Structures are given as C-alpha cells and as structure tokens.
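Q: To be precise about what I am sending: the file is called data-v4.cif and holds mmCIF, C-alpha atoms.
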data_run
#
loop_
_atom_site.label_atom_id
_atom_site.label_comp_id
_atom_site.auth_asym_id
_atom_site.auth_seq_id
_atom_site.Cartn_x
_atom_site.Cartn_y
_atom_site.Cartn_z
CA MET A 12 0.00 0.00 0.00
CA LYS A 13 1.40 3.41 -0.96
CA ILE A 14 0.06 6.64 0.50
CA LEU A 15 1.49 9.82 -0.98
CA GLY A 16 3.02 12.64 1.00
CA TYR A 17 4.86 10.69 3.73
CA ALA A 18 8.30 9.23 4.27
CA PHE A 19 7.78 5.58 5.19
CA LEU A 20 9.51 3.19 7.54
CA MET A 21 8.91 -0.56 7.41
CA PHE A 22 8.30 -2.14 10.82
CA SER A 23 9.70 -5.63 11.34
CA VAL A 24 10.73 -5.75 15.00
CA THR A 25 9.97 -8.46 17.52
CA ALA A 26 9.22 -6.15 20.45
CA ALA A 27 6.05 -4.89 18.75
CA PRO A 28 3.56 -6.33 16.27
CA ALA A 29 5.30 -7.20 13.00
CA PHE A 30 3.62 -5.66 9.99
CA ALA A 31 2.80 -7.32 6.71
CA ALA A 32 5.49 -6.87 4.10
CA SER A 33 3.17 -4.77 1.93
CA LEU A 34 2.00 -2.52 4.77
CA SER A 35 4.00 0.70 5.24
CA ILE A 36 3.70 3.00 8.25
CA PRO A 37 5.16 6.54 8.47
CA GLY A 38 8.09 6.82 10.84
CA ASP A 39 6.28 9.54 12.81
CA ALA A 40 3.00 7.62 13.19
CA LYS A 41 1.45 7.68 16.64
CA SER A 42 0.89 4.44 18.56
CA SER A 43 -1.79 3.63 21.08
CA GLY A 44 0.48 1.13 22.81
CA ASP A 45 -0.84 -2.29 23.75
CA LEU A 46 -4.55 -1.70 24.44
CA SER A 47 -5.00 -5.22 25.75
CA GLU A 48 -3.55 -3.83 28.98
CA SER A 49 -6.11 -1.02 29.43
CA SER A 50 -8.36 -1.06 32.50
CA HIS A 51 -11.05 1.00 30.73
CA TRP A 52 -12.70 -1.65 28.56
CA MET A 53 -16.50 -1.59 28.42
CA TRP A 54 -18.92 -4.08 26.86
CA SER A 55 -22.60 -4.53 26.13
CA HIS A 56 -24.96 -6.64 24.06
CA ASP A 57 -25.39 -5.23 20.56
CA ALA A 58 -29.13 -4.65 20.38
CA LYS A 59 -28.98 -4.81 16.57
CA THR A 60 -28.13 -8.51 16.77
CA PRO A 61 -30.81 -11.07 17.57
CA GLY A 62 -31.02 -12.97 20.82
CA SER A 63 -28.98 -12.02 23.85
CA ALA A 64 -25.40 -12.02 25.07
CA VAL A 65 -23.62 -11.72 28.42
CA ALA A 66 -19.89 -11.05 28.53
CA SER A 67 -16.86 -10.60 30.77
CA SER A 68 -13.20 -9.71 30.38
CA HIS A 69 -10.12 -10.63 32.39
CA TYR A 70 -6.52 -9.37 32.44
CA PRO A 71 -3.74 -10.39 32.65
CA ILE A 72 -3.87 -13.90 31.20
CA SER A 73 -0.49 -15.63 31.13
CA SER A 74 -1.60 -18.54 28.96
CA PRO A 75 -2.47 -18.42 26.16
CA SER A 76 -0.49 -15.27 25.45
CA LEU A 77 2.35 -14.03 23.31
CA ASP A 78 4.02 -11.94 25.98
CA GLY A 79 2.68 -13.24 29.29
CA HIS A 80 -0.23 -10.82 29.57
CA ALA A 81 -3.07 -11.29 27.09
CA ARG A 82 -6.67 -10.21 27.70
CA GLU A 83 -9.57 -12.67 27.74
CA PHE A 84 -12.97 -11.73 26.28
CA SER A 85 -15.79 -14.19 26.98
CA MET A 86 -19.38 -14.23 25.76
CA SER A 87 -22.32 -16.53 26.42
CA TYR A 88 -25.02 -16.00 23.82
CA SER A 89 -28.41 -17.23 22.63
CA ASP A 90 -30.06 -16.98 19.20
CA LYS A 91 -26.87 -15.70 17.51
CA GLY A 92 -26.54 -12.74 19.86
CA GLY A 93 -23.54 -10.41 19.69
CA GLU A 94 -21.43 -8.53 22.23
CA ARG A 95 -19.59 -5.26 21.52
CA PHE A 96 -16.39 -4.43 23.43
CA SER A 97 -15.17 -0.83 23.28
CA LEU A 98 -12.43 1.47 24.52
CA THR A 99 -11.55 5.16 24.09
CA PHE A 100 -7.81 5.21 23.47
CA GLY A 101 -7.03 8.84 22.62
CA HIS A 102 -8.15 12.22 21.32
CA ASN A 103 -7.25 13.55 17.88
CA ALA A 104 -9.61 15.06 15.31
CA GLU A 105 -6.98 15.66 12.64
CA VAL A 106 -5.30 12.33 11.84
CA THR A 107 -6.61 10.55 8.76
CA HIS A 108 -4.91 7.12 8.56
CA PHE A 109 -5.28 4.10 10.84
CA VAL A 110 -3.85 0.60 11.12
CA TYR A 111 -5.73 -1.72 13.46
CA ASP A 112 -3.32 -4.45 14.53
CA THR A 113 -4.08 -7.39 16.80
CA TYR A 114 -3.45 -11.05 17.53
CA VAL A 115 -6.50 -13.19 18.33
CA TYR A 116 -6.88 -16.71 19.73
CA VAL A 117 -10.31 -18.38 19.77
CA ASN A 118 -10.95 -21.46 21.88
CA ASP A 119 -13.67 -22.78 19.55
CA ALA A 120 -13.82 -20.94 16.23
CA SER A 121 -16.98 -22.80 15.19
CA GLN A 122 -18.92 -20.69 17.73
CA LEU A 123 -17.90 -17.36 16.14
CA ALA A 124 -20.06 -16.13 13.25
CA ASN A 125 -18.47 -12.70 12.79
CA LEU A 126 -15.52 -10.78 14.20
CA GLU A 127 -15.93 -7.02 13.71
CA MET A 128 -13.06 -4.56 14.27
CA ASP A 129 -13.69 -0.80 14.19
CA VAL A 130 -12.00 2.53 14.78
CA ASN A 131 -14.23 5.55 15.41
CA GLN A 132 -13.02 9.16 15.23
CA VAL A 133 -14.87 12.35 16.15
CA VAL A 134 -13.56 14.86 13.60
CA SER A 135 -13.46 18.65 13.67
CA ASN A 136 -17.03 19.10 12.37
CA GLY A 137 -18.33 17.08 15.35
CA ARG A 138 -19.37 14.06 13.30
CA THR A 139 -18.11 10.55 14.04
CA VAL A 140 -16.27 8.80 11.22
CA ILE A 141 -16.65 5.03 11.46
CA PHE A 142 -13.94 2.72 10.09
CA ALA A 143 -15.66 -0.69 10.37
CA PHE A 144 -14.35 -3.96 8.96
CA GLN A 145 -15.23 -7.58 9.72
CA CYS A 146 -14.63 -11.20 8.91
CA SER A 147 -18.13 -12.48 8.20
CA GLY A 148 -19.29 -16.06 8.38
CA ASN A 149 -22.61 -14.90 6.94
CA THR A 150 -21.11 -14.09 3.53
CA GLY A 151 -17.77 -15.89 3.89
CA LYS A 152 -15.99 -12.62 3.02
CA TRP A 153 -14.17 -9.70 4.54
CA GLU A 154 -16.75 -6.91 4.72
CA TYR A 155 -16.53 -3.14 5.09
CA SER A 156 -19.10 -0.60 6.24
CA THR A 157 -20.32 2.66 4.71
CA ILE A 158 -23.18 4.94 5.70
CA VAL A 159 -26.34 4.40 3.64
CA ASN A 160 -29.55 6.29 4.47
CA ASN A 161 -27.96 7.57 7.70
CA ALA A 162 -27.09 4.10 8.99
CA PRO A 163 -24.10 1.76 8.70
CA HIS A 164 -24.39 -0.81 5.92
CA TRP A 165 -22.11 -3.79 5.29
CA HIS A 166 -20.64 -4.56 1.86
CA ALA A 167 -18.88 -7.83 1.02
CA THR A 168 -15.47 -7.66 -0.65
CA SER A 169 -14.18 -10.36 -2.98
CA LEU A 170 -11.77 -11.58 -0.26
CA ALA A 171 -12.66 -14.82 1.50
CA CYS A 172 -12.94 -14.86 5.29
CA ASN A 173 -15.00 -16.99 7.67
CA PRO A 174 -14.01 -17.14 11.36
CA ARG A 175 -15.60 -20.56 11.69
CA ASN A 176 -12.90 -21.84 9.33
CA TRP A 177 -10.04 -20.47 11.44
CA LYS A 178 -7.92 -22.90 13.40
CA SER A 179 -9.02 -22.96 17.04
CA LYS A 180 -6.48 -22.44 19.83
CA VAL A 181 -3.98 -20.82 17.46
CA TRP A 182 -2.82 -17.18 17.44
CA HIS A 183 -3.91 -15.33 14.28
CA HIS A 184 -2.51 -11.93 13.29
CA ILE A 185 -4.96 -9.40 11.80
CA GLN A 186 -4.10 -5.96 10.41
CA ILE A 187 -6.57 -3.54 8.82
CA ALA A 188 -5.42 -0.36 7.04
CA SER A 189 -7.84 2.47 6.27
CA HIS A 190 -7.90 6.21 5.76
CA ARG A 191 -10.35 9.05 5.25
CA GLU A 192 -10.62 12.11 3.05
CA GLY A 193 -12.95 14.40 4.96
CA ASP A 194 -15.84 12.17 6.04
CA ASN A 195 -15.30 9.58 3.30
CA VAL A 196 -13.53 6.35 4.27
CA THR A 197 -11.34 4.08 2.14
CA TYR A 198 -10.40 0.60 3.36
CA ASP A 199 -6.94 0.15 1.91
CA GLY A 200 -6.19 -3.46 2.76
CA VAL A 201 -6.26 -6.33 5.22
CA SER A 202 -3.63 -8.82 6.32
CA PHE A 203 -4.40 -12.19 7.89
CA ASP A 204 -1.44 -14.13 9.23
CA GLY A 205 0.92 -12.08 7.07
CA ASP A 206 -1.04 -12.44 3.80
CA TYR A 207 -1.81 -8.85 2.80
CA LYS A 208 -4.65 -8.19 0.35
CA THR A 209 -5.63 -4.88 -1.19
CA VAL A 210 -9.24 -3.78 -0.65
CA ASN A 211 -9.42 -0.17 -1.93
CA LYS A 212 -13.16 0.14 -1.30
CA GLY A 213 -15.20 2.59 0.73
CA GLY A 214 -17.67 5.46 0.78
CA PRO A 215 -19.39 7.88 3.16
CA GLY A 216 -18.41 7.09 6.74
CA SER A 217 -19.75 9.69 9.18
CA LEU A 218 -22.74 10.00 11.48
CA ALA A 219 -23.89 12.70 13.91
CA LEU A 220 -23.55 10.67 17.13
CA HIS A 221 -22.72 13.60 19.45
CA TRP A 222 -19.76 11.83 21.02
CA GLY A 223 -16.97 13.62 22.87
CA ALA A 224 -14.85 16.09 20.90
CA ALA A 225 -11.88 14.45 19.13
CA ASP A 226 -12.54 11.02 20.67
CA LEU A 227 -10.65 8.07 19.23
CA ASN A 228 -12.52 4.90 20.03
CA LEU A 229 -12.14 1.26 19.03
CA ASN A 230 -14.70 -1.50 18.99
CA PHE A 231 -14.59 -5.15 18.31
CA GLN A 232 -17.62 -7.39 18.31
CA LEU A 233 -18.18 -11.10 18.73
CA ASP A 234 -21.31 -12.56 17.10
CA GLY A 235 -22.51 -16.05 18.01
CA ALA A 236 -22.88 -18.66 15.29
CA ASP A 237 -25.58 -20.93 16.75
CA SER A 238 -28.81 -20.95 18.72
CA ARG A 239 -26.80 -21.04 21.94
CA GLY A 240 -23.14 -21.18 22.86
CA ASP A 241 -20.01 -19.60 24.31
CA VAL A 242 -17.17 -17.71 22.68
CA VAL A 243 -13.85 -17.32 24.47
CA MET A 244 -11.33 -15.15 22.65
CA TYR A 245 -7.95 -13.82 23.73
CA GLN A 246 -6.31 -10.70 22.30
CA ASP A 247 -2.67 -9.72 22.60
CA LYS A 248 -0.62 -6.78 21.31
CA LEU A 249 -3.75 -4.88 20.27
CA THR A 250 -2.33 -1.65 18.83
CA ILE A 251 -3.70 1.21 16.75
CA ARG A 252 -1.20 3.23 14.72
CA TYR A 253 -2.43 6.49 13.26
CA TRP A 254 -1.15 9.55 11.43
#
Represent the supplied structure as structure tokens.
A:
Amino acid sequence: MKILGYAFLMFSVTAAPAFAASLSIPGDAKSSGDLSESSHWMWSHDAKTPGSAVASSHYPISSPSLDGHAREFSMSYSDKGGERFSLTFGHNAEVTHFVYDTYVYVNDASQLANLEMDVNQVVSNGRTVIFAFQCSGNTGKWEYSTIVNNAPHWHATSLACNPRNWKSKVWHHIQIASHREGDNVTYDGVSFDGDYKTVNKGGPGSLALHWGAADLNLNFQLDGADSRGDVVMYQDKLTIRYW
C-alpha cells in the first residue's frame, strides 16, 4: 500500500507487532500502545443482533499469550446474539490514517459467526467517522461498512474470510489499514497471518452521534454462530497506529 506525501519506515521488529510486508507505516505515526492492557474496557450486548449475550473480560492472562499478559474476552449467547467491546484510546480530530493491529486466539472458532473490528473518530465538524471492517461467516468474506440512508451498511469484498474456518487455539494476526478524506472512508487493505490483500473500497463514513470532541474509540464485536453457545477469545498486542 502506498500513501502519498509521507516518508515511510517498514516495521519488522519483535518487540512490537510485525507488519505485513506490503504494509507501510510513516516513521512519525502515533501508537496507542498495547490496548489489551487497558483497565477502561466496556462491553454490552449489541441490540442490533438477535437474541442475547452476556460477557466478561479478564486481564492479565499468562496462557495463552504471546508476551505473558493477554486479555480474555468471553461471551455466552443465545439466538446468535452479539457482544460489543469498546475502549476510548485517545483524542485527535486531525489524523486521517489508521492501522488496526491485533493477535486473536479463539478457543472454539466454530462458535464465532463474525468478528468485527472498528476505529471511530470524532472529527473537527463534530461528526463521528466510522472505520468498520469484519470477517463475516454470513457471507464468507471480509466486509466493510459505509453509511447508507444515515445508517451503517455492510458490503462484502471479494476476499474470502470466515471465522468458523479459522484454526481454534492458534494465534492469528490481523491488520486492517484504512484512511479518510474528509468524512469519506477508504479501506486500503487487510492482512491475515501475514497475507496482505488490497481492498481499496469505501464510501461515506460519518454519522452525527454527538460523542466527545476528538474522541478516538475502538470497537470489536463477537457474534454467536448458533442458537446457543459460548465464545472465548484472547487478544494480545492490540495496537492502533495512526497519522
């Protein structure tokens, strides 16, 4: 991925998440640090999913982990219910580019219908720009969101992805690159276990949600795959880089 107007530095260090070979990050990009460690996580059932969900989160988890302190996210659900986990990690209305970078480990991948990963930014006009991307078992594709008729709407890409096909009890590395021009969002590409694919799709991305000025927020969401079940997922080295 090439973004004009910046001098780029390739990251390939072991002390921080290693980036896909095709994914370039400016040397002066900001980093959220490892958000798995934050004590400010919140979660709630996503009322737009069917059924119900009850969740919890625990930190630190020494095993499984990559560095001795992963975070556990657990959900019990019925009727394919979903749970949204969220965290405000900074304040900046001006930055335009984001890389969402995380390692995930699912105890039983067959229970997970969708894994959604979002960054939300309140920009200078007060609107919230939503960068939403997910691996969808419903379509078997990576999907991206745009705003249609004043509501988020999912669009399937041509890139295959189904969390129920992931290996259980294995660490998987996910990276999502996106940027905005004003309130319009472009999803540049996605990397799964080091295999980077160009997306280059997008559209209108903002809503008037009246959130806090310049908030930077991330979400990820677990959606259940069956009539009833449990999802236990671990995240490690969850980092947002932005510029």
Q: Please report the interatomic distance between CA of Ser169 (chain A) and CA of Phe142 (chain A) in Å with one decimal.
A: 18.5 Å
Q: Please compute the CA of Ser43 (chain A)-CA of Leu249 (chain A) distance, one decimal, in Å.
A: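 Atom-to-atom, CA of Ser43 (chain A) and CA of Leu249 (chain A) are spaced 8.8 Å apart.
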Q: Just how far from CA of Ala188 (chain A) is CA of Met244 (chain A), in Å to one decimal?
A: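 CA of Ala188 (chain A) lies at a distance of 22.3 Å from CA of Met244 (chain A).
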Q: Choose the residue, out of A:Leu229, A:Leu218, A:Thr99, A:His69, that has the smallest atom-to-atom separation from Ser85 (chain A); count only C-alpha atoms.
A: A:His69
Q: Give me the residues within 6 Å of region 182-187 of chain A as a compact mmCIF listing (two decimals) with C-alpha atoms, in the coordinates of the input, counting all atoms listed in the file and dropping any in the same chain fewer than 6 places off.
A:
# COMPACT_ATOMS: atom_id res chain seq x y z
CA VAL A 110 -3.85 0.60 11.12
CA TYR A 111 -5.73 -1.72 13.46
CA ASP A 112 -3.32 -4.45 14.53
CA THR A 113 -4.08 -7.39 16.80
CA TYR A 114 -3.45 -11.05 17.53
CA VAL A 115 -6.50 -13.19 18.33
CA TYR A 116 -6.88 -16.71 19.73
CA VAL A 201 -6.26 -6.33 5.22
CA SER A 202 -3.63 -8.82 6.32
CA PHE A 203 -4.40 -12.19 7.89
CA ASP A 204 -1.44 -14.13 9.23
Q: Expand the PyMOL selection byres ((chain A and resi 57) around 9) into the individual residues it matches in the shown file, reporting them as a PyMOL selection string.
A: chain A and resi 55-56+58-61+63-64+92-95+232
Q: Next, write the just-selected residues to a file, as a compact mmCIF listing (two decimals), keeping the file's coordinate frame, keeping C-alpha atoms as the atom set.
A:
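This is the output file again_12.txt:
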# COMPACT_ATOMS: atom_id res chain seq x y z
CA SER A 55 -22.60 -4.53 26.13
CA HIS A 56 -24.96 -6.64 24.06
CA ALA A 58 -29.13 -4.65 20.38
CA LYS A 59 -28.98 -4.81 16.57
CA THR A 60 -28.13 -8.51 16.77
CA PRO A 61 -30.81 -11.07 17.57
CA SER A 63 -28.98 -12.02 23.85
CA ALA A 64 -25.40 -12.02 25.07
CA GLY A 92 -26.54 -12.74 19.86
CA GLY A 93 -23.54 -10.41 19.69
CA GLU A 94 -21.43 -8.53 22.23
CA ARG A 95 -19.59 -5.26 21.52
CA GLN A 232 -17.62 -7.39 18.31
Q: With all heavy atoms as the goal, would you fill in the gaps in region 147-158 of chain A and present it as a PDB file, in the frame of the given file?
A:
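out_14.pdb, freshly written:
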ATOM      1  N   SER A 147     -16.724 -12.088   8.085  1.00  0.00           N
ATOM      2  CA  SER A 147     -18.130 -12.480   8.200  1.00  0.00           C
ATOM      3  C   SER A 147     -18.359 -13.924   7.781  1.00  0.00           C
ATOM      4  O   SER A 147     -18.115 -14.290   6.627  1.00  0.00           O
ATOM      5  CB  SER A 147     -19.001 -11.558   7.334  1.00  0.00           C
ATOM      6  OG  SER A 147     -20.334 -12.022   7.298  1.00  0.00           O
ATOM      7  N   GLY A 148     -18.856 -14.716   8.717  1.00  0.00           N
ATOM      8  CA  GLY A 148     -19.290 -16.060   8.380  1.00  0.00           C
ATOM      9  C   GLY A 148     -20.600 -16.079   7.625  1.00  0.00           C
ATOM     10  O   GLY A 148     -20.960 -17.093   7.016  1.00  0.00           O
ATOM     11  N   ASN A 149     -21.327 -14.958   7.654  1.00  0.00           N
ATOM     12  CA  ASN A 149     -22.610 -14.900   6.940  1.00  0.00           C
ATOM     13  C   ASN A 149     -22.410 -14.888   5.430  1.00  0.00           C
ATOM     14  O   ASN A 149     -23.159 -15.531   4.682  1.00  0.00           O
ATOM     15  CB  ASN A 149     -23.384 -13.652   7.371  1.00  0.00           C
ATOM     16  CG  ASN A 149     -23.748 -13.682   8.837  1.00  0.00           C
ATOM     17  OD1 ASN A 149     -24.019 -14.733   9.404  1.00  0.00           O
ATOM     18  ND2 ASN A 149     -23.738 -12.516   9.478  1.00  0.00           N
ATOM     19  N   THR A 150     -21.397 -14.145   4.972  1.00  0.00           N
ATOM     20  CA  THR A 150     -21.110 -14.090   3.530  1.00  0.00           C
ATOM     21  C   THR A 150     -19.856 -14.869   3.161  1.00  0.00           C
ATOM     22  O   THR A 150     -19.608 -15.103   1.974  1.00  0.00           O
ATOM     23  CB  THR A 150     -20.944 -12.629   3.068  1.00  0.00           C
ATOM     24  OG1 THR A 150     -19.819 -12.048   3.747  1.00  0.00           O
ATOM     25  CG2 THR A 150     -22.201 -11.819   3.348  1.00  0.00           C
ATOM     26  N   GLY A 151     -19.038 -15.232   4.171  1.00  0.00           N
ATOM     27  CA  GLY A 151     -17.770 -15.890   3.890  1.00  0.00           C
ATOM     28  C   GLY A 151     -16.734 -14.947   3.299  1.00  0.00           C
ATOM     29  O   GLY A 151     -15.795 -15.385   2.624  1.00  0.00           O
ATOM     30  N   LYS A 152     -16.876 -13.630   3.575  1.00  0.00           N
ATOM     31  CA  LYS A 152     -15.990 -12.620   3.020  1.00  0.00           C
ATOM     32  C   LYS A 152     -15.556 -11.626   4.093  1.00  0.00           C
ATOM     33  O   LYS A 152     -16.208 -11.474   5.130  1.00  0.00           O
ATOM     34  CB  LYS A 152     -16.723 -11.821   1.912  1.00  0.00           C
ATOM     35  CG  LYS A 152     -17.318 -12.648   0.796  1.00  0.00           C
ATOM     36  CD  LYS A 152     -16.257 -13.265  -0.102  1.00  0.00           C
ATOM     37  CE  LYS A 152     -16.888 -13.994  -1.293  1.00  0.00           C
ATOM     38  NZ  LYS A 152     -15.855 -14.607  -2.169  1.00  0.00           N
ATOM     39  N   TRP A 153     -14.447 -10.932   3.807  1.00  0.00           N
ATOM     40  CA  TRP A 153     -14.170  -9.700   4.540  1.00  0.00           C
ATOM     41  C   TRP A 153     -15.191  -8.667   4.087  1.00  0.00           C
ATOM     42  O   TRP A 153     -15.477  -8.550   2.891  1.00  0.00           O
ATOM     43  CB  TRP A 153     -12.764  -9.187   4.245  1.00  0.00           C
ATOM     44  CG  TRP A 153     -11.663  -9.946   4.919  1.00  0.00           C
ATOM     45  CD1 TRP A 153     -10.799 -10.819   4.332  1.00  0.00           C
ATOM     46  CD2 TRP A 153     -11.291  -9.892   6.293  1.00  0.00           C
ATOM     47  NE1 TRP A 153      -9.912 -11.324   5.254  1.00  0.00           N
ATOM     48  CE2 TRP A 153     -10.190 -10.765   6.474  1.00  0.00           C
ATOM     49  CE3 TRP A 153     -11.776  -9.187   7.403  1.00  0.00           C
ATOM     50  CZ2 TRP A 153      -9.571 -10.952   7.707  1.00  0.00           C
ATOM     51  CZ3 TRP A 153     -11.173  -9.375   8.633  1.00  0.00           C
ATOM     52  CH2 TRP A 153     -10.078 -10.242   8.778  1.00  0.00           C
ATOM     53  N   GLU A 154     -15.745  -7.916   5.031  1.00  0.00           N
ATOM     54  CA  GLU A 154     -16.750  -6.910   4.720  1.00  0.00           C
ATOM     55  C   GLU A 154     -16.321  -5.556   5.276  1.00  0.00           C
ATOM     56  O   GLU A 154     -15.626  -5.473   6.286  1.00  0.00           O
ATOM     57  CB  GLU A 154     -18.101  -7.291   5.335  1.00  0.00           C
ATOM     58  CG  GLU A 154     -18.700  -8.582   4.786  1.00  0.00           C
ATOM     59  CD  GLU A 154     -20.057  -8.894   5.373  1.00  0.00           C
ATOM     60  OE1 GLU A 154     -20.401  -8.346   6.454  1.00  0.00           O
ATOM     61  OE2 GLU A 154     -20.776  -9.694   4.765  1.00  0.00           O
ATOM     62  N   TYR A 155     -16.789  -4.495   4.614  1.00  0.00           N
ATOM     63  CA  TYR A 155     -16.530  -3.140   5.090  1.00  0.00           C
ATOM     64  C   TYR A 155     -17.865  -2.392   5.184  1.00  0.00           C
ATOM     65  O   TYR A 155     -18.848  -2.744   4.526  1.00  0.00           O
ATOM     66  CB  TYR A 155     -15.573  -2.393   4.151  1.00  0.00           C
ATOM     67  CG  TYR A 155     -16.104  -2.150   2.759  1.00  0.00           C
ATOM     68  CD1 TYR A 155     -16.728  -0.955   2.418  1.00  0.00           C
ATOM     69  CD2 TYR A 155     -15.993  -3.132   1.763  1.00  0.00           C
ATOM     70  CE1 TYR A 155     -17.224  -0.736   1.142  1.00  0.00           C
ATOM     71  CE2 TYR A 155     -16.478  -2.925   0.489  1.00  0.00           C
ATOM     72  CZ  TYR A 155     -17.093  -1.715   0.187  1.00  0.00           C
ATOM     73  OH  TYR A 155     -17.586  -1.508  -1.078  1.00  0.00           O
ATOM     74  N   SER A 156     -17.871  -1.343   5.986  1.00  0.00           N
ATOM     75  CA  SER A 156     -19.100  -0.600   6.240  1.00  0.00           C
ATOM     76  C   SER A 156     -19.026   0.793   5.626  1.00  0.00           C
ATOM     77  O   SER A 156     -17.968   1.441   5.654  1.00  0.00           O
ATOM     78  CB  SER A 156     -19.335  -0.472   7.744  1.00  0.00           C
ATOM     79  OG  SER A 156     -20.472   0.323   8.021  1.00  0.00           O
ATOM     80  N   THR A 157     -20.137   1.256   5.077  1.00  0.00           N
ATOM     81  CA  THR A 157     -20.320   2.660   4.710  1.00  0.00           C
ATOM     82  C   THR A 157     -21.682   3.105   5.252  1.00  0.00           C
ATOM     83  O   THR A 157     -22.502   2.279   5.680  1.00  0.00           O
ATOM     84  CB  THR A 157     -20.273   2.886   3.188  1.00  0.00           C
ATOM     85  OG1 THR A 157     -21.389   2.226   2.574  1.00  0.00           O
ATOM     86  CG2 THR A 157     -18.977   2.362   2.594  1.00  0.00           C
ATOM     87  N   ILE A 158     -21.909   4.405   5.210  1.00  0.00           N
ATOM     88  CA  ILE A 158     -23.180   4.940   5.700  1.00  0.00           C
ATOM     89  C   ILE A 158     -24.152   5.057   4.524  1.00  0.00           C
ATOM     90  O   ILE A 158     -23.870   5.724   3.522  1.00  0.00           O
ATOM     91  CB  ILE A 158     -22.986   6.318   6.363  1.00  0.00           C
ATOM     92  CG1 ILE A 158     -21.952   6.208   7.492  1.00  0.00           C
ATOM     93  CG2 ILE A 158     -24.312   6.843   6.897  1.00  0.00           C
ATOM     94  CD1 ILE A 158     -22.265   5.172   8.543  1.00  0.00           C
TER      95      ILE A 158
END
